[in-house]
2 protein chains.
Amino acid sequence: MLSDDEKVGAEAYFALLEAGNLLFAAVDQQLRRDGEISHAQFEILTKLRAHPDGLRMSDLANVLVVSRSGLTYQVTQLEKRGLLQRGSAPGDDRVVVVRVTPAAEGLIDHLEPGHVQLVRQAFSAVTDRRDFETLARILGQLSQTLRATRRHDDG
Amino acid sequence: MLSDDEKVGAEAYFALLEAGNLLFAAVDQQLRRDGEISHAQFEILTKLRAHPDGLRMSDLANVLVVSRSGLTYQVTQLEKRGLLQRGSAPGDDRVVVVRVTPAAEGLIDHLEPGHVQLVRQAFSAVTDRRDFETLARILGQLSQTLRATRRHDDG
DNA sequence: CGCATGTCCTTCGAATTCGAAACATCTTCA
DNA sequence: TGAAGATGTTTCGAATTCGAAGGACATGCG
């Protein structure tokens, strides 16, 4: 038998997976419709846009929580579409640094308004600003904990 | 430029996707290691266990937030392993009703302790019980909103 | 009844994901 | 220098996912 604390914990756990799943699916559908791009690819581009100097493949994979090989696949797709470029890093020829192209910035600008609106709509039932802050804080703690125990010995 | 409200909203949005992703990945890894089963399959079994009379394929797909065809695939896999059974529904020969087998209940019982411990560990940084309640409440609202606007006209 | 339409599940092909293994390049240390 | 191990990325095969199309049954209406 579960204690009351465990019950509310399990509830939060299931709710997190469900909400995350639904939110991802909703955003994915919209992005595919409006911009012929998947949510996974969109996340790559937006993360890269926040790093004008580019990111190494491994770092990008860690940020996005995907495997290195999975990232290789998507980066190849995006490079074929001219939305990003692979480059080399000075001083280490093993490293591949990825940067967005102006075309990608244009695409992001094109998609951003609808994207923001969809997310706002999804959260429309959350009216108290403190709820947002609580949500962001707890989920941030959760991510931090999970990243800390995440295996580092890949490949 | 985003307002402060939009900033905290965007933060919550990104945190939700990230935490959900990390949590799913962590649980998936553990279940594969301890029980030779994926998180997706484990969720099917646990949902079904909560419904001793079985569930129709469509209803199960909706609950789990997966496509009908994707569910068909996983149900076939699980049936091959003897963890669930397909049956017919009285009065409508189109419908397939799925039920867990005793073997699946045994597997769930075997995996449950480690599963609970992992989740508890993931949430270990969340110490205030009201935070759990807030989390469950907000994410529940979010799921409800997203389900309401979800497309019902599937393949 | 008999056809049109709707519902439910599965099949099919394409896209995406992962982990293991392969490859290439550093770094360390003798 | 050069071998051994570490690090970074890609290739490969297998598993999983989706949406569209197909097939089977149900329902409504003439």
# chains A, B, ... in the order shown; residues from 1 in each chain; ligands from 1
>>> interface_residues(of="chain C", to="chain A", cutoff="8 Å", atoms="only C-alpha atoms (C1' of nucleotides)", output="list of chain:residue names")
C:DT17, C:DC18, C:DG19, C:DA20, C:DA24, C:DT25, C:DC26
>>> select_by_dssp(residues="range 27-118 of chain B", states="helix (DSSP H, G or I)", output="PyMOL selection string")
chain B and resi 27-35+39-49+57-64+68-80+102-118
>>> residues_around(residues="Phe42 in chain A", least_positions_apart="4", cutoff="9 Å", atoms="only C-alpha atoms (C1' of nucleotides)", output="list in words")
Asp28, Leu31, Ile37, Ser38, Thr46, Lys47 and Ile108 of chain A
>>> closest_residue(among="A:Lys80, A:Ser3, A:Arg49, A:Leu64", to="chain B", atoms="only C-alpha atoms")
A:Leu64
>>> atom_distance(atom1="CA of Asn62 in chain B", atom2="CA of Gly87 in chain B")
18.8 Å
>>> closest_atom_pairs(of="chain B", to="chain A", cutoff="8 Å", atoms="only C-alpha atoms", output="tab-separated table")
residue	atom	partner	partner_atom	distance
B:Asp5	CA	A:Arg129	CA	7.2
B:Val8	CA	A:Phe132	CA	6.4
B:Gly9	CA	A:Phe132	CA	6.2
B:Glu11	CA	A:Ala136	CA	6.1
B:Ala12	CA	A:Ala136	CA	4.4
B:Tyr13	CA	A:Val119	CA	7.5
B:Ala15	CA	A:Leu139	CA	5.6
B:Leu16	CA	A:Gly20	CA	6.1
B:Leu17	CA	A:Gly20	CA	5.5
B:Glu18	CA	A:Ser143	CA	6.8
B:Ala19	CA	A:Ser143	CA	4.9
B:Gly20	CA	A:Leu17	CA	5.5
B:Asn21	CA	A:Val65	CA	7.1
B:Leu22	CA	A:Leu146	CA	6.4
B:Leu23	CA	A:Leu146	CA	7.0
B:Phe24	CA	A:Leu17	CA	7.2
B:Ala26	CA	A:Arg150	CA	7.5
B:Leu64	CA	A:Glu18	CA	7.8
B:Val65	CA	A:Leu22	CA	6.9
B:Val119	CA	A:Tyr13	CA	7.5
B:Arg120	CA	A:Gly9	CA	7.8
B:Ala122	CA	A:Leu146	CA	6.0
B:Phe123	CA	A:Leu142	CA	6.0
B:Ser124	CA	A:Thr145	CA	8.0
B:Ala125	CA	A:Gln141	CA	6.3
B:Val126	CA	A:Ile138	CA	6.7
B:Arg129	CA	A:Asp5	CA	7.2
B:Asp131	CA	A:Thr134	CA	7.2
B:Phe132	CA	A:Gly9	CA	6.2
B:Glu133	CA	A:Val8	CA	6.5
B:Thr134	CA	A:Asp131	CA	7.2
B:Leu135	CA	A:Ala12	CA	6.0
B:Ala136	CA	A:Ala12	CA	4.4
B:Ile138	CA	A:Val126	CA	6.7
B:Leu139	CA	A:Ala15	CA	5.6
B:Gly140	CA	A:Ala15	CA	6.0
B:Gln141	CA	A:Ala125	CA	6.3
B:Leu142	CA	A:Phe123	CA	6.0
B:Ser143	CA	A:Ala19	CA	4.9
B:Thr145	CA	A:Ala122	CA	6.1
B:Leu146	CA	A:Ala122	CA	6.0
B:Arg147	CA	A:Leu22	CA	7.5
B:Arg150	CA	A:Ala26	CA	7.5
>>> write_last_selection(atoms="C-alpha atoms", output="PDB file, in the first residue's frame")
ATOM      1  CA  ASP B   5       4.889  36.415 -17.899  1.00  0.00           C
ATOM      2  CA  VAL B   8       8.300  32.340 -17.113  1.00  0.00           C
ATOM      3  CA  GLY B   9       5.794  30.571 -19.311  1.00  0.00           C
ATOM      4  CA  GLU B  11      10.670  28.497 -19.043  1.00  0.00           C
ATOM      5  CA  ALA B  12       7.958  26.202 -17.752  1.00  0.00           C
ATOM      6  CA  TYR B  13       7.355  24.894 -21.255  1.00  0.00           C
ATOM      7  CA  ALA B  15      11.378  22.579 -18.440  1.00  0.00           C
ATOM      8  CA  LEU B  16       8.374  20.354 -18.956  1.00  0.00           C
ATOM      9  CA  LEU B  17       9.656  18.876 -22.184  1.00  0.00           C
ATOM     10  CA  GLU B  18      13.135  18.420 -20.802  1.00  0.00           C
ATOM     11  CA  ALA B  19      12.070  16.838 -17.528  1.00  0.00           C
ATOM     12  CA  GLY B  20       9.568  14.584 -19.237  1.00  0.00           C
ATOM     13  CA  ASN B  21      12.178  13.447 -21.687  1.00  0.00           C
ATOM     14  CA  LEU B  22      14.799  12.784 -19.027  1.00  0.00           C
ATOM     15  CA  LEU B  23      12.361  10.984 -16.788  1.00  0.00           C
ATOM     16  CA  PHE B  24      11.106   8.783 -19.599  1.00  0.00           C
ATOM     17  CA  ALA B  26      15.711   7.067 -17.090  1.00  0.00           C
ATOM     18  CA  LEU B  64      -1.491   6.229 -23.738  1.00  0.00           C
ATOM     19  CA  VAL B  65      -1.225   9.036 -26.297  1.00  0.00           C
ATOM     20  CA  VAL B 119      10.915   7.781  -9.464  1.00  0.00           C
ATOM     21  CA  ARG B 120      11.235   8.668  -5.802  1.00  0.00           C
ATOM     22  CA  ALA B 122      14.154  11.528  -9.344  1.00  0.00           C
ATOM     23  CA  PHE B 123      11.812  13.622  -7.214  1.00  0.00           C
ATOM     24  CA  SER B 124      14.075  13.604  -4.193  1.00  0.00           C
ATOM     25  CA  ALA B 125      14.846  17.303  -4.540  1.00  0.00           C
ATOM     26  CA  VAL B 126      11.150  18.084  -4.186  1.00  0.00           C
ATOM     27  CA  ARG B 129       4.342  18.189  -0.339  1.00  0.00           C
ATOM     28  CA  ASP B 131       4.856  21.324  -4.518  1.00  0.00           C
ATOM     29  CA  PHE B 132       3.767  17.844  -5.514  1.00  0.00           C
ATOM     30  CA  GLU B 133       0.152  18.850  -5.316  1.00  0.00           C
ATOM     31  CA  THR B 134       0.744  21.963  -7.352  1.00  0.00           C
ATOM     32  CA  LEU B 135       2.650  19.964  -9.922  1.00  0.00           C
ATOM     33  CA  ALA B 136      -0.053  17.326 -10.242  1.00  0.00           C
ATOM     34  CA  ILE B 138      -1.167  22.102 -13.095  1.00  0.00           C
ATOM     35  CA  LEU B 139      -0.046  19.209 -15.236  1.00  0.00           C
ATOM     36  CA  GLY B 140      -3.518  17.752 -14.971  1.00  0.00           C
ATOM     37  CA  GLN B 141      -5.018  21.000 -16.230  1.00  0.00           C
ATOM     38  CA  LEU B 142      -2.498  21.067 -19.021  1.00  0.00           C
ATOM     39  CA  SER B 143      -3.317  17.528 -20.108  1.00  0.00           C
ATOM     40  CA  THR B 145      -6.585  21.324 -22.226  1.00  0.00           C
ATOM     41  CA  LEU B 146      -4.409  19.464 -24.689  1.00  0.00           C
ATOM     42  CA  ARG B 147      -6.724  16.499 -24.882  1.00  0.00           C
ATOM     43  CA  ARG B 150      -6.518  17.046 -29.801  1.00  0.00           C
TER      44      ARG B 150
END
>>> select_by_dssp(residues="chain A", states="strand (DSSP E or B)", output="list in words")
Leu55, Arg56, Leu84, Gln85, Arg86, Gly87, Ser88, Ala89, Asp92, Asp93, Arg94, Val95, Val96, Val97, Val98, Arg99 and Val100 of chain A
>>> atom_distance(atom1="CA of Gly114 in chain B", atom2="CA of Glu43 in chain B")
15.1 Å
>>> residues_around(residues="DT10 in chain D", least_positions_apart="2", cutoff="9 Å", atoms="only C-alpha atoms (C1' of nucleotides)", output="PyMOL selection string")
(chain A and resi 69+72) or (chain C and resi 22-23)
>>> closest_residue(among="D:DG19, D:DG2, D:DG13, D:DG8", to="chain B", atoms="only C-alpha atoms (C1' of nucleotides)")
D:DG19
>>> residues_around(residues="His51 in chain B", least_positions_apart="5", cutoff="12 Å", atoms="only C-alpha atoms (C1' of nucleotides)", output="PyMOL selection string")
chain B and resi 44-46+56+59-60+63+97-100
>>> residues_around(residues="Gln85 in chain B", least_positions_apart="2", cutoff="12 Å", atoms="only C-alpha atoms (C1' of nucleotides)", output="mmCIF file with C-alpha atoms, in the first residue's frame")
data_model
loop_
_atom_site.group_PDB
_atom_site.id
_atom_site.type_symbol
_atom_site.label_atom_id
_atom_site.label_comp_id
_atom_site.auth_asym_id
_atom_site.auth_seq_id
_atom_site.Cartn_x
_atom_site.Cartn_y
_atom_site.Cartn_z
ATOM 1 C CA LEU B 45 0.671 -3.342 -19.069
ATOM 2 C CA LEU B 48 -4.341 -2.550 -18.543
ATOM 3 C CA ASP B 53 -12.253 -6.014 -17.706
ATOM 4 C CA GLY B 54 -9.866 -5.049 -20.467
ATOM 5 C CA LEU B 55 -9.727 -2.051 -22.775
ATOM 6 C CA ARG B 56 -10.506 -1.569 -26.430
ATOM 7 C CA MET B 57 -7.560 -0.822 -28.658
ATOM 8 C CA VAL B 75 0.221 -5.251 -28.482
ATOM 9 C CA THR B 76 1.371 -7.856 -30.987
ATOM 10 C CA GLN B 77 4.809 -7.920 -29.386
ATOM 11 C CA LEU B 78 3.359 -8.280 -25.902
ATOM 12 C CA GLU B 79 0.946 -10.965 -27.020
ATOM 13 C CA LYS B 80 3.840 -12.950 -28.480
ATOM 14 C CA ARG B 81 5.526 -12.760 -25.099
ATOM 15 C CA GLY B 82 2.370 -13.939 -23.377
ATOM 16 C CA LEU B 83 1.949 -10.751 -21.380
ATOM 17 C CA GLY B 87 -10.252 -10.867 -27.063
ATOM 18 C CA SER B 88 -13.490 -9.934 -28.727
ATOM 19 C CA VAL B 96 -10.627 -5.910 -29.922
ATOM 20 C CA VAL B 97 -10.429 -5.959 -26.147
ATOM 21 C CA VAL B 98 -7.038 -6.383 -24.534
ATOM 22 C CA ARG B 99 -6.339 -7.855 -21.100
ATOM 23 C CA VAL B 100 -3.165 -8.541 -19.136
ATOM 24 C CA THR B 101 -2.224 -12.097 -18.279
ATOM 25 C CA PRO B 102 -1.054 -13.366 -14.872
ATOM 26 C CA ALA B 103 2.456 -13.455 -16.309
ATOM 27 C CA ALA B 104 2.282 -9.698 -16.850
#
>>> closest_atom_pairs(of="chain D", to="chain B", cutoff="10 Å", atoms="only C-alpha atoms (C1' of nucleotides)", output="CSV")
residue,atom,partner,partner_atom,distance
D:DT16,C1',B:Gly70,CA,8.0
D:DT17,C1',B:Gly70,CA,6.1
D:DC18,C1',B:Ser67,CA,7.0
D:DG19,C1',B:Gly155,CA,6.6
D:DA20,C1',B:Gly155,CA,7.0
D:DA21,C1',B:Gly155,CA,9.0
D:DA24,C1',B:Arg94,CA,7.0
D:DC25,C1',B:Arg94,CA,5.5
D:DA26,C1',B:Asp92,CA,7.7
>>> atom_distance(atom1="CA of Val27 in chain B", atom2="CA of Pro52 in chain B")
24.6 Å
>>> residues_around(residues="DC29 in chain C", least_positions_apart="4", cutoff="12 Å", atoms="only C-alpha atoms (C1' of nucleotides)", output="VMD selection string")
chain D and resid 1 to 5
